file work_6.pdb (PDB, C-alpha atoms)
ATOM      1  CA  MET A  23     -27.771 -51.322 -16.531  1.00  0.00           C
ATOM      2  CA  ASN A  24     -25.994 -48.761 -18.712  1.00  0.00           C
ATOM      3  CA  TYR A  25     -22.515 -49.541 -19.969  1.00  0.00           C
ATOM      4  CA  TYR A  26     -20.181 -46.808 -21.136  1.00  0.00           C
ATOM      5  CA  SER A  27     -17.388 -47.146 -23.635  1.00  0.00           C
ATOM      6  CA  GLU A  28     -13.908 -45.852 -22.852  1.00  0.00           C
ATOM      7  CA  ASN A  29     -14.555 -42.872 -25.129  1.00  0.00           C
ATOM      8  CA  ASP A  30     -17.826 -42.127 -23.315  1.00  0.00           C
ATOM      9  CA  ILE A  31     -16.026 -42.138 -19.958  1.00  0.00           C
ATOM     10  CA  LYS A  32     -13.292 -39.845 -21.261  1.00  0.00           C
ATOM     11  CA  GLN A  33     -15.907 -37.399 -22.544  1.00  0.00           C
ATOM     12  CA  ILE A  34     -17.807 -37.417 -19.241  1.00  0.00           C
ATOM     13  CA  VAL A  35     -14.588 -36.763 -17.278  1.00  0.00           C
ATOM     14  CA  ALA A  36     -13.607 -33.972 -19.695  1.00  0.00           C
ATOM     15  CA  ASP A  37     -17.037 -32.340 -19.295  1.00  0.00           C
ATOM     16  CA  VAL A  38     -16.808 -32.451 -15.484  1.00  0.00           C
ATOM     17  CA  LEU A  39     -13.279 -31.002 -15.487  1.00  0.00           C
ATOM     18  CA  SER A  40     -14.327 -28.267 -17.888  1.00  0.00           C
ATOM     19  CA  ARG A  41     -17.273 -27.228 -15.715  1.00  0.00           C
ATOM     20  CA  SER A  42     -15.046 -27.147 -12.596  1.00  0.00           C
ATOM     21  CA  GLY A  43     -12.422 -24.984 -14.301  1.00  0.00           C
ATOM     22  CA  PHE A  44      -9.728 -27.684 -14.521  1.00  0.00           C
ATOM     23  CA  ALA A  45      -9.772 -28.360 -18.259  1.00  0.00           C
ATOM     24  CA  GLY A  46      -6.400 -30.094 -18.631  1.00  0.00           C
ATOM     25  CA  SER A  47      -4.300 -28.209 -21.159  1.00  0.00           C
ATOM     26  CA  LYS A  48      -7.359 -26.247 -22.310  1.00  0.00           C
ATOM     27  CA  GLY A  49      -7.407 -23.605 -19.602  1.00  0.00           C
ATOM     28  CA  MET A  50      -7.808 -20.030 -20.849  1.00  0.00           C
ATOM     29  CA  GLU A  51      -4.515 -18.546 -21.996  1.00  0.00           C
ATOM     30  CA  ILE A  52      -3.215 -15.467 -20.196  1.00  0.00           C
ATOM     31  CA  PRO A  53       0.036 -13.469 -20.550  1.00  0.00           C
ATOM     32  CA  VAL A  54       2.661 -13.856 -17.820  1.00  0.00           C
ATOM     33  CA  GLU A  55       5.173 -11.187 -16.790  1.00  0.00           C
ATOM     34  CA  ILE A  56       8.115 -11.341 -14.384  1.00  0.00           C
ATOM     35  CA  SER A  57       8.286  -8.581 -11.797  1.00  0.00           C
ATOM     36  CA  ALA A  58      11.872  -7.967 -10.682  1.00  0.00           C
ATOM     37  CA  ARG A  59      12.798  -6.408  -7.327  1.00  0.00           C
ATOM     38  CA  HIS A  60      11.817  -2.748  -7.226  1.00  0.00           C
ATOM     39  CA  VAL A  61      10.947   0.234  -5.069  1.00  0.00           C
ATOM     40  CA  HIS A  62       7.974   2.600  -5.064  1.00  0.00           C
ATOM     41  CA  LEU A  63       8.748   5.919  -3.356  1.00  0.00           C
ATOM     42  CA  SER A  64       6.636   8.498  -1.580  1.00  0.00           C
ATOM     43  CA  LYS A  65       7.252  12.109  -2.551  1.00  0.00           C
ATOM     44  CA  ALA A  66       8.975  12.860   0.758  1.00  0.00           C
ATOM     45  CA  ASP A  67      11.287   9.837   0.502  1.00  0.00           C
ATOM     46  CA  LYS A  68      12.032  10.599  -3.146  1.00  0.00           C
ATOM     47  CA  ASP A  69      13.088  14.126  -2.207  1.00  0.00           C
ATOM     48  CA  THR A  70      15.345  12.798   0.564  1.00  0.00           C
ATOM     49  CA  LEU A  71      17.030  10.241  -1.682  1.00  0.00           C
ATOM     50  CA  PHE A  72      17.412  12.346  -4.837  1.00  0.00           C
ATOM     51  CA  GLY A  73      17.055  15.959  -3.691  1.00  0.00           C
ATOM     52  CA  ALA A  74      14.174  18.346  -2.994  1.00  0.00           C
ATOM     53  CA  GLY A  75      11.912  18.796  -6.007  1.00  0.00           C
ATOM     54  CA  TYR A  76      13.668  16.057  -7.994  1.00  0.00           C
ATOM     55  CA  THR A  77      11.659  14.585 -10.889  1.00  0.00           C
ATOM     56  CA  LEU A  78      12.041  10.888 -11.594  1.00  0.00           C
ATOM     57  CA  THR A  79      13.194  10.143 -15.147  1.00  0.00           C
ATOM     58  CA  ARG A  80      10.863   7.906 -17.142  1.00  0.00           C
ATOM     59  CA  LYS A  81      12.830   5.149 -18.920  1.00  0.00           C
ATOM     60  CA  ARG A  82       9.993   3.091 -20.362  1.00  0.00           C
ATOM     61  CA  ASP A  83       6.339   2.399 -19.769  1.00  0.00           C
ATOM     62  CA  LEU A  84       5.224  -0.823 -18.079  1.00  0.00           C
ATOM     63  CA  SER A  85       2.261  -2.998 -19.010  1.00  0.00           C
ATOM     64  CA  GLN A  86       0.084  -1.446 -16.313  1.00  0.00           C
ATOM     65  CA  PRO A  87      -1.256   1.903 -17.590  1.00  0.00           C
ATOM     66  CA  GLY A  88       0.429   4.904 -15.970  1.00  0.00           C
ATOM     67  CA  GLN A  89       3.229   2.828 -14.432  1.00  0.00           C
ATOM     68  CA  TYR A  90       6.803   3.220 -15.647  1.00  0.00           C
ATOM     69  CA  LEU A  91      10.367   2.160 -15.016  1.00  0.00           C
ATOM     70  CA  CYS A  92      12.673   5.009 -13.989  1.00  0.00           C
ATOM     71  CA  GLU A  93      16.310   5.598 -14.862  1.00  0.00           C
ATOM     72  CA  GLU A  94      17.073   6.044 -11.153  1.00  0.00           C
ATOM     73  CA  ARG A  95      18.412   3.249  -8.950  1.00  0.00           C
ATOM     74  CA  VAL A  96      18.838   2.849  -5.187  1.00  0.00           C
ATOM     75  CA  LYS A  97      20.672   0.534  -2.793  1.00  0.00           C
ATOM     76  CA  LEU A  98      18.952  -1.564  -0.106  1.00  0.00           C
ATOM     77  CA  VAL A  99      20.959  -2.111   3.078  1.00  0.00           C
ATOM     78  CA  THR A 100      20.532  -4.097   6.303  1.00  0.00           C
ATOM     79  CA  GLN A 101      22.935  -5.362   8.947  1.00  0.00           C
ATOM     80  CA  SER A 102      23.077  -8.681   7.073  1.00  0.00           C
ATOM     81  CA  GLY A 103      23.681  -7.544   3.521  1.00  0.00           C
ATOM     82  CA  GLU A 104      22.927  -5.161   0.696  1.00  0.00           C
ATOM     83  CA  ILE A 105      21.505  -5.160  -2.815  1.00  0.00           C
ATOM     84  CA  ALA A 106      22.578  -2.414  -5.208  1.00  0.00           C
ATOM     85  CA  ASN A 107      21.075  -1.138  -8.456  1.00  0.00           C
ATOM     86  CA  VAL A 108      17.441  -1.656  -7.409  1.00  0.00           C
ATOM     87  CA  ALA A 109      14.936  -0.196  -9.861  1.00  0.00           C
ATOM     88  CA  VAL A 110      12.630   2.669  -8.927  1.00  0.00           C
ATOM     89  CA  LEU A 111       9.136   2.621 -10.430  1.00  0.00           C
ATOM     90  CA  GLY A 112       6.968   5.663 -11.004  1.00  0.00           C
ATOM     91  CA  PRO A 113       4.841   7.528 -10.357  1.00  0.00           C
ATOM     92  CA  GLU A 114       5.243   8.474  -6.695  1.00  0.00           C
ATOM     93  CA  ARG A 115       3.016   6.714  -4.185  1.00  0.00           C
ATOM     94  CA  LYS A 116       1.448   7.645  -0.882  1.00  0.00           C
ATOM     95  CA  GLU A 117       3.740   5.193   0.939  1.00  0.00           C
ATOM     96  CA  THR A 118       7.168   3.833   0.096  1.00  0.00           C
ATOM     97  CA  GLN A 119       7.042   0.123  -0.750  1.00  0.00           C
ATOM     98  CA  VAL A 120       9.860  -2.327  -1.494  1.00  0.00           C
ATOM     99  CA  GLU A 121       9.016  -5.542  -3.382  1.00  0.00           C
ATOM    100  CA  LEU A 122      11.526  -8.412  -3.208  1.00  0.00           C
ATOM    101  CA  SER A 123      11.676 -12.111  -3.923  1.00  0.00           C
ATOM    102  CA  LEU A 124      12.247 -14.492  -1.022  1.00  0.00           C
ATOM    103  CA  THR A 125      15.796 -15.027  -2.302  1.00  0.00           C
ATOM    104  CA  ASP A 126      16.421 -11.264  -2.168  1.00  0.00           C
ATOM    105  CA  ALA A 127      15.002 -11.169   1.346  1.00  0.00           C
ATOM    106  CA  ARG A 128      17.415 -13.878   2.509  1.00  0.00           C
ATOM    107  CA  VAL A 129      20.356 -11.898   1.125  1.00  0.00           C
ATOM    108  CA  LEU A 130      19.240  -9.014   3.338  1.00  0.00           C
ATOM    109  CA  GLY A 131      18.434 -11.222   6.324  1.00  0.00           C
ATOM    110  CA  LEU A 132      14.779 -10.194   6.239  1.00  0.00           C
ATOM    111  CA  LYS A 133      11.552 -12.162   6.689  1.00  0.00           C
ATOM    112  CA  PRO A 134       8.937 -10.016   4.960  1.00  0.00           C
ATOM    113  CA  PRO A 135       5.327 -11.183   4.601  1.00  0.00           C
ATOM    114  CA  ILE A 136       3.822 -12.278   1.294  1.00  0.00           C
ATOM    115  CA  ARG A 137       1.330  -9.548   0.481  1.00  0.00           C
ATOM    116  CA  LEU A 138      -0.484  -7.919  -2.410  1.00  0.00           C
ATOM    117  CA  SER A 139       0.894  -4.537  -3.382  1.00  0.00           C
ATOM    118  CA  GLY A 140      -0.361  -1.834  -1.032  1.00  0.00           C
ATOM    119  CA  ASP A 141      -0.855  -4.204   1.903  1.00  0.00           C
ATOM    120  CA  LEU A 142       2.032  -3.396   4.252  1.00  0.00           C
ATOM    121  CA  ARG A 143       0.751  -5.187   7.353  1.00  0.00           C
ATOM    122  CA  GLY A 144       3.789  -6.644   9.105  1.00  0.00           C
ATOM    123  CA  ALA A 145       6.142  -5.421   6.377  1.00  0.00           C
ATOM    124  CA  ALA A 146       9.873  -5.500   7.136  1.00  0.00           C
ATOM    125  CA  ASP A 147      12.257  -2.565   7.543  1.00  0.00           C
ATOM    126  CA  VAL A 148      15.137  -1.656   5.270  1.00  0.00           C
ATOM    127  CA  ILE A 149      17.569   1.226   4.742  1.00  0.00           C
ATOM    128  CA  ILE A 150      17.361   2.800   1.277  1.00  0.00           C
ATOM    129  CA  VAL A 151      20.385   4.683  -0.023  1.00  0.00           C
ATOM    130  CA  GLY A 152      20.150   7.239  -2.813  1.00  0.00           C
ATOM    131  CA  PRO A 153      22.653   9.676  -4.361  1.00  0.00           C
ATOM    132  CA  LYS A 154      21.552  12.552  -2.108  1.00  0.00           C
ATOM    133  CA  GLY A 155      20.417  10.892   1.097  1.00  0.00           C
ATOM    134  CA  VAL A 156      19.433   7.856   3.140  1.00  0.00           C
ATOM    135  CA  ILE A 157      16.117   6.811   4.653  1.00  0.00           C
ATOM    136  CA  THR A 158      15.040   4.085   7.045  1.00  0.00           C
ATOM    137  CA  ALA A 159      11.968   2.697   5.320  1.00  0.00           C
ATOM    138  CA  ALA A 160      10.163   1.149   8.280  1.00  0.00           C
ATOM    139  CA  GLY A 161       7.397  -1.302   7.448  1.00  0.00           C
ATOM    140  CA  SER A 162       8.021  -1.135   3.702  1.00  0.00           C
ATOM    141  CA  VAL A 163       9.311  -4.529   2.518  1.00  0.00           C
ATOM    142  CA  ILE A 164       7.016  -7.259   1.181  1.00  0.00           C
ATOM    143  CA  VAL A 165       7.256 -10.274  -1.072  1.00  0.00           C
ATOM    144  CA  ALA A 166       4.618  -9.683  -3.732  1.00  0.00           C
ATOM    145  CA  LYS A 167       1.904 -12.332  -3.847  1.00  0.00           C
ATOM    146  CA  ALA A 168       1.386 -13.714  -7.360  1.00  0.00           C
ATOM    147  CA  HIS A 169      -1.631 -11.988  -8.888  1.00  0.00           C
ATOM    148  CA  VAL A 170      -3.522 -11.276 -12.090  1.00  0.00           C
ATOM    149  CA  HIS A 171      -4.307  -7.763 -13.311  1.00  0.00           C
ATOM    150  CA  MET A 172      -7.407  -7.457 -15.483  1.00  0.00           C
ATOM    151  CA  THR A 173     -10.139  -5.045 -16.515  1.00  0.00           C
ATOM    152  CA  PRO A 174     -13.836  -5.677 -15.774  1.00  0.00           C
ATOM    153  CA  ASP A 175     -14.243  -6.820 -19.408  1.00  0.00           C
ATOM    154  CA  ASP A 176     -11.343  -9.268 -18.959  1.00  0.00           C
ATOM    155  CA  ALA A 177     -12.918 -10.593 -15.755  1.00  0.00           C
ATOM    156  CA  LYS A 178     -16.177 -11.210 -17.585  1.00  0.00           C
ATOM    157  CA  LYS A 179     -14.337 -12.990 -20.409  1.00  0.00           C
ATOM    158  CA  TYR A 180     -12.437 -15.264 -18.003  1.00  0.00           C
ATOM    159  CA  GLY A 181     -15.442 -15.792 -15.742  1.00  0.00           C
ATOM    160  CA  VAL A 182     -13.710 -14.542 -12.582  1.00  0.00           C
ATOM    161  CA  GLU A 183     -14.178 -11.693 -10.118  1.00  0.00           C
ATOM    162  CA  HIS A 184     -12.062  -9.359  -8.006  1.00  0.00           C
ATOM    163  CA  GLY A 185     -10.469 -11.118  -5.040  1.00  0.00           C
ATOM    164  CA  GLN A 186     -11.004 -14.618  -6.429  1.00  0.00           C
ATOM    165  CA  SER A 187      -8.208 -17.162  -6.068  1.00  0.00           C
ATOM    166  CA  VAL A 188      -7.185 -19.094  -9.199  1.00  0.00           C
ATOM    167  CA  SER A 189      -4.368 -21.348 -10.368  1.00  0.00           C
ATOM    168  CA  ILE A 190      -1.977 -20.506 -13.190  1.00  0.00           C
ATOM    169  CA  ARG A 191      -0.206 -23.299 -15.062  1.00  0.00           C
ATOM    170  CA  MET A 192       2.902 -22.023 -16.840  1.00  0.00           C
ATOM    171  CA  GLY A 193       3.121 -22.812 -20.535  1.00  0.00           C
ATOM    172  CA  THR A 194       6.767 -23.845 -20.374  1.00  0.00           C
ATOM    173  CA  GLU A 195       8.781 -27.049 -20.623  1.00  0.00           C
ATOM    174  CA  ARG A 196       8.826 -27.131 -16.809  1.00  0.00           C
ATOM    175  CA  SER A 197       5.092 -26.747 -16.381  1.00  0.00           C
ATOM    176  CA  VAL A 198       4.708 -25.576 -12.779  1.00  0.00           C
ATOM    177  CA  THR A 199       1.231 -24.657 -11.522  1.00  0.00           C
ATOM    178  CA  LEU A 200       0.965 -21.733  -9.111  1.00  0.00           C
ATOM    179  CA  ASN A 201      -1.999 -21.911  -6.745  1.00  0.00           C
ATOM    180  CA  ASP A 202      -3.735 -19.167  -4.740  1.00  0.00           C
ATOM    181  CA  VAL A 203      -3.082 -16.515  -7.380  1.00  0.00           C
ATOM    182  CA  GLN A 204      -5.368 -13.577  -6.681  1.00  0.00           C
ATOM    183  CA  ILE A 205      -7.485 -11.781  -9.272  1.00  0.00           C
ATOM    184  CA  ARG A 206      -7.292  -7.973  -9.157  1.00  0.00           C
ATOM    185  CA  VAL A 207      -9.847  -6.108 -11.257  1.00  0.00           C
ATOM    186  CA  SER A 208      -9.784  -2.425 -12.204  1.00  0.00           C
ATOM    187  CA  LYS A 209     -10.600  -0.384 -15.291  1.00  0.00           C
ATOM    188  CA  ASP A 210      -7.066   1.007 -14.955  1.00  0.00           C
ATOM    189  CA  PHE A 211      -5.310  -2.374 -15.259  1.00  0.00           C
ATOM    190  CA  GLY A 212      -3.752  -4.193 -18.212  1.00  0.00           C
ATOM    191  CA  LEU A 213      -4.184  -7.959 -18.556  1.00  0.00           C
ATOM    192  CA  ALA A 214      -1.180  -9.810 -17.085  1.00  0.00           C
ATOM    193  CA  VAL A 215      -0.147 -12.374 -14.481  1.00  0.00           C
ATOM    194  CA  HIS A 216       2.668 -11.005 -12.303  1.00  0.00           C
ATOM    195  CA  ILE A 217       5.152 -13.400 -10.707  1.00  0.00           C
ATOM    196  CA  ASP A 218       8.580 -12.791  -9.171  1.00  0.00           C
ATOM    197  CA  TYR A 219      11.925 -14.231 -10.255  1.00  0.00           C
ATOM    198  CA  ASP A 220      11.833 -17.114  -7.772  1.00  0.00           C
ATOM    199  CA  GLU A 221       8.518 -18.283  -9.232  1.00  0.00           C
ATOM    200  CA  ALA A 222       9.738 -17.637 -12.773  1.00  0.00           C
ATOM    201  CA  ASN A 223      12.920 -19.672 -12.280  1.00  0.00           C
ATOM    202  CA  ALA A 224      10.974 -22.565 -10.746  1.00  0.00           C
ATOM    203  CA  ALA A 225       8.757 -22.684 -13.844  1.00  0.00           C
ATOM    204  CA  GLN A 226      11.567 -21.998 -16.336  1.00  0.00           C
ATOM    205  CA  VAL A 227       9.897 -18.754 -17.392  1.00  0.00           C
ATOM    206  CA  SER A 228      12.175 -16.315 -19.194  1.00  0.00           C
ATOM    207  CA  GLY A 229      11.910 -13.589 -21.783  1.00  0.00           C
ATOM    208  CA  SER A 230       8.664 -12.099 -23.038  1.00  0.00           C
ATOM    209  CA  LYS A 231       5.486 -13.467 -24.599  1.00  0.00           C
ATOM    210  CA  ILE A 232       5.151 -16.268 -22.040  1.00  0.00           C
ATOM    211  CA  VAL A 233       1.592 -17.549 -21.796  1.00  0.00           C
ATOM    212  CA  GLY A 234       0.024 -19.410 -18.882  1.00  0.00           C
ATOM    213  CA  GLN A 235      -3.250 -21.234 -18.431  1.00  0.00           C
ATOM    214  CA  LEU A 236      -5.812 -19.780 -15.997  1.00  0.00           C
ATOM    215  CA  LEU A 237      -7.595 -22.513 -14.052  1.00  0.00           C
ATOM    216  CA  LYS A 238     -10.538 -21.593 -11.841  1.00  0.00           C
ATOM    217  CA  ASN A 239     -10.522 -23.256  -8.432  1.00  0.00           C
ATOM    218  CA  GLY A 240     -14.164 -24.142  -8.260  1.00  0.00           C
TER     219      GLY A 240
END

call {"tool": "encode", "arguments": {"input": "work_6.pdb", "output": "structure tokens"}}
result
Amino acid sequence: MNYYSENDIKQIVADVLSRSGFAGSKGMEIPVEISARHVHLSKADKDTLFGAGYTLTRKRDLSQPGQYLCEERVKLVTQSGEIANVAVLGPERKETQVELSLTDARVLGLKPPIRLSGDLRGAADVIIVGPKGVITAAGSVIVAKAHVHMTPDDAKKYGVEHGQSVSIRMGTERSVTLNDVQIRVSKDFGLAVHIDYDEANAAQVSGSKIVGQLLKNG
């Protein structure tokens, strides 16, 4: 019969956890960013809200290549409430999309689905008010599902693939682990985990240069 020392057992357990992707505090580090409430506008809706032929004003670039924060702001309105000073992101999109946290949604009395950006199945309705006009953005409101942007080279480095579900453990004093975080891979992406303010507050994430640990779920 073979007998193992305590150190042997610890090493065996560590090896098994490492192979399964759950390597304790040694998961692969990955940058985390907070995505605040914002609106993406179609060209037609942009023209209605800000005037025909209006050009959105770039304020600063975002981490995702080609994406930028605009100077412009809009108001979201429902029968239950309103939220002013909501950021507009550029460039224009094919469809208008509003991304909120669940807390924001409750303020507006909405029950939007949790979806990845671009998936508007079952999305909620909201009125958007701009300086030049008002639109009813039917089927536009979602709560963004936590996700990871990465390039194909990043995916190879982390050993993951597009559409895979992983866990992200926040490297903060309040070390919350988010499960079912979806990997999104494109040559046009920049490496970052995107979470909303509800998730950030739960994990005590604030400021920049926050790093999480990527844990593969099998």

call {"tool": "closest_residue", "arguments": {"input": "work_6.pdb", "among": "A:Gly131, A:Val108, A:Lys167, A:Leu236", "to": "A:Lys179", "atoms": "only C-alpha atoms"}}
result
A:Leu236

call {"tool": "residues_around", "arguments": {"input": "work_6.pdb", "residues": "A:Phe211", "least_positions_apart": "3", "cutoff": "6 Å", "atoms": "all atoms listed in the file", "output": "list of chain:residue names"}}
result
A:Gln86, A:His171, A:Met172, A:Thr173, A:Ser208

call {"tool": "atom_distance", "arguments": {"input": "work_6.pdb", "atom1": "atom CA of A:Ala146", "atom2": "atom CA of A:Val110"}}
result
18.2 Å

call {"tool": "residues_around", "arguments": {"input": "work_6.pdb", "residues": "A:Val203", "least_positions_apart": "6", "cutoff": "9 Å", "atoms": "all atoms listed in the file", "output": "ChimeraX atom specification"}}
result
/A:167-170,186-190,215

call {"tool": "residues_around", "arguments": {"input": "work_6.pdb", "residues": "A:Pro174", "least_positions_apart": "5", "cutoff": "10 Å", "atoms": "all atoms listed in the file", "output": "list in words"}}
result
Lys179, Tyr180, Val182, Glu183, His184, Arg206, Val207, Ser208, Lys209, Asp210 and Phe211 of chain A

call {"tool": "residues_around", "arguments": {"input": "work_6.pdb", "residues": "A:Gly161", "least_positions_apart": "4", "cutoff": "9 Å", "atoms": "all atoms listed in the file", "output": "list of chain:residue names"}}
result
A:Thr118, A:Gln119, A:Leu142, A:Arg143, A:Gly144, A:Ala145, A:Ala146, A:Asp147, A:Val148

call {"tool": "build_atoms", "arguments": {"input": "work_6.pdb", "residues": "stretch 113-138 of chain A", "atoms": "N, CA and C atoms", "output": "mmCIF file, keeping the file's coordinate frame"}}
result
data_model
loop_
_atom_site.group_PDB
_atom_site.id
_atom_site.type_symbol
_atom_site.label_atom_id
_atom_site.label_comp_id
_atom_site.auth_asym_id
_atom_site.auth_seq_id
_atom_site.Cartn_x
_atom_site.Cartn_y
_atom_site.Cartn_z
ATOM 1 N N PRO A 113 4.620 6.245 -11.025
ATOM 2 C CA PRO A 113 4.841 7.528 -10.357
ATOM 3 C C PRO A 113 4.994 7.369 -8.841
ATOM 4 N N GLU A 114 5.135 8.503 -8.154
ATOM 5 C CA GLU A 114 5.243 8.474 -6.695
ATOM 6 C C GLU A 114 3.982 7.868 -6.084
ATOM 7 N N ARG A 115 4.140 7.293 -4.914
ATOM 8 C CA ARG A 115 3.016 6.714 -4.185
ATOM 9 C C ARG A 115 2.838 7.389 -2.832
ATOM 10 N N LYS A 116 1.717 7.093 -2.201
ATOM 11 C CA LYS A 116 1.448 7.645 -0.882
ATOM 12 C C LYS A 116 2.445 7.118 0.132
ATOM 13 N N GLU A 117 2.795 5.819 0.019
ATOM 14 C CA GLU A 117 3.740 5.193 0.939
ATOM 15 C C GLU A 117 4.858 4.507 0.158
ATOM 16 N N THR A 118 6.052 4.558 0.701
ATOM 17 C CA THR A 118 7.168 3.833 0.096
ATOM 18 C C THR A 118 6.971 2.331 0.291
ATOM 19 N N GLN A 119 7.216 1.571 -0.778
ATOM 20 C CA GLN A 119 7.042 0.123 -0.750
ATOM 21 C C GLN A 119 8.186 -0.537 -1.497
ATOM 22 N N VAL A 120 8.766 -1.570 -0.893
ATOM 23 C CA VAL A 120 9.860 -2.327 -1.494
ATOM 24 C C VAL A 120 9.364 -3.739 -1.760
ATOM 25 N N GLU A 121 9.470 -4.206 -3.011
ATOM 26 C CA GLU A 121 9.016 -5.542 -3.382
ATOM 27 C C GLU A 121 10.213 -6.410 -3.756
ATOM 28 N N LEU A 122 10.394 -7.504 -3.020
ATOM 29 C CA LEU A 122 11.526 -8.412 -3.208
ATOM 30 C C LEU A 122 11.042 -9.829 -3.444
ATOM 31 N N SER A 123 11.926 -10.669 -3.931
ATOM 32 C CA SER A 123 11.676 -12.111 -3.923
ATOM 33 C C SER A 123 12.146 -12.662 -2.576
ATOM 34 N N LEU A 124 11.782 -13.883 -2.266
ATOM 35 C CA LEU A 124 12.247 -14.492 -1.022
ATOM 36 C C LEU A 124 13.763 -14.667 -1.027
ATOM 37 N N THR A 125 14.340 -14.928 -2.203
ATOM 38 C CA THR A 125 15.796 -15.027 -2.302
ATOM 39 C C THR A 125 16.454 -13.690 -1.967
ATOM 40 N N ASP A 126 15.905 -12.597 -2.501
ATOM 41 C CA ASP A 126 16.421 -11.264 -2.168
ATOM 42 C C ASP A 126 16.343 -11.023 -0.662
ATOM 43 N N ALA A 127 15.206 -11.399 -0.084
ATOM 44 C CA ALA A 127 15.002 -11.169 1.346
ATOM 45 C C ALA A 127 16.042 -11.902 2.180
ATOM 46 N N ARG A 128 16.403 -13.114 1.771
ATOM 47 C CA ARG A 128 17.415 -13.878 2.509
ATOM 48 C C ARG A 128 18.777 -13.197 2.422
ATOM 49 N N VAL A 129 19.091 -12.633 1.265
ATOM 50 C CA VAL A 129 20.356 -11.898 1.125
ATOM 51 C C VAL A 129 20.430 -10.778 2.149
ATOM 52 N N LEU A 130 19.293 -10.139 2.403
ATOM 53 C CA LEU A 130 19.240 -9.014 3.338
ATOM 54 C C LEU A 130 18.946 -9.449 4.774
ATOM 55 N N GLY A 131 18.737 -10.742 4.982
ATOM 56 C CA GLY A 131 18.434 -11.222 6.324
ATOM 57 C C GLY A 131 17.068 -10.807 6.811
ATOM 58 N N LEU A 132 16.125 -10.634 5.887
ATOM 59 C CA LEU A 132 14.779 -10.194 6.239
ATOM 60 C C LEU A 132 13.775 -11.335 6.095
ATOM 61 N N LYS A 133 12.654 -11.211 6.810
ATOM 62 C CA LYS A 133 11.552 -12.162 6.689
ATOM 63 C C LYS A 133 10.249 -11.402 6.444
ATOM 64 N N PRO A 134 10.139 -10.803 5.258
ATOM 65 C CA PRO A 134 8.937 -10.016 4.960
ATOM 66 C C PRO A 134 7.737 -10.912 4.684
ATOM 67 N N PRO A 135 6.527 -10.395 4.891
ATOM 68 C CA PRO A 135 5.327 -11.183 4.601
ATOM 69 C C PRO A 135 5.050 -11.208 3.103
ATOM 70 N N ILE A 136 4.292 -12.226 2.678
ATOM 71 C CA ILE A 136 3.822 -12.278 1.294
ATOM 72 C C ILE A 136 2.499 -11.532 1.237
ATOM 73 N N ARG A 137 2.483 -10.448 0.505
ATOM 74 C CA ARG A 137 1.330 -9.548 0.481
ATOM 75 C C ARG A 137 1.072 -9.055 -0.936
ATOM 76 N N LEU A 138 -0.175 -8.654 -1.197
ATOM 77 C CA LEU A 138 -0.484 -7.919 -2.410
ATOM 78 C C LEU A 138 0.047 -6.497 -2.282
#
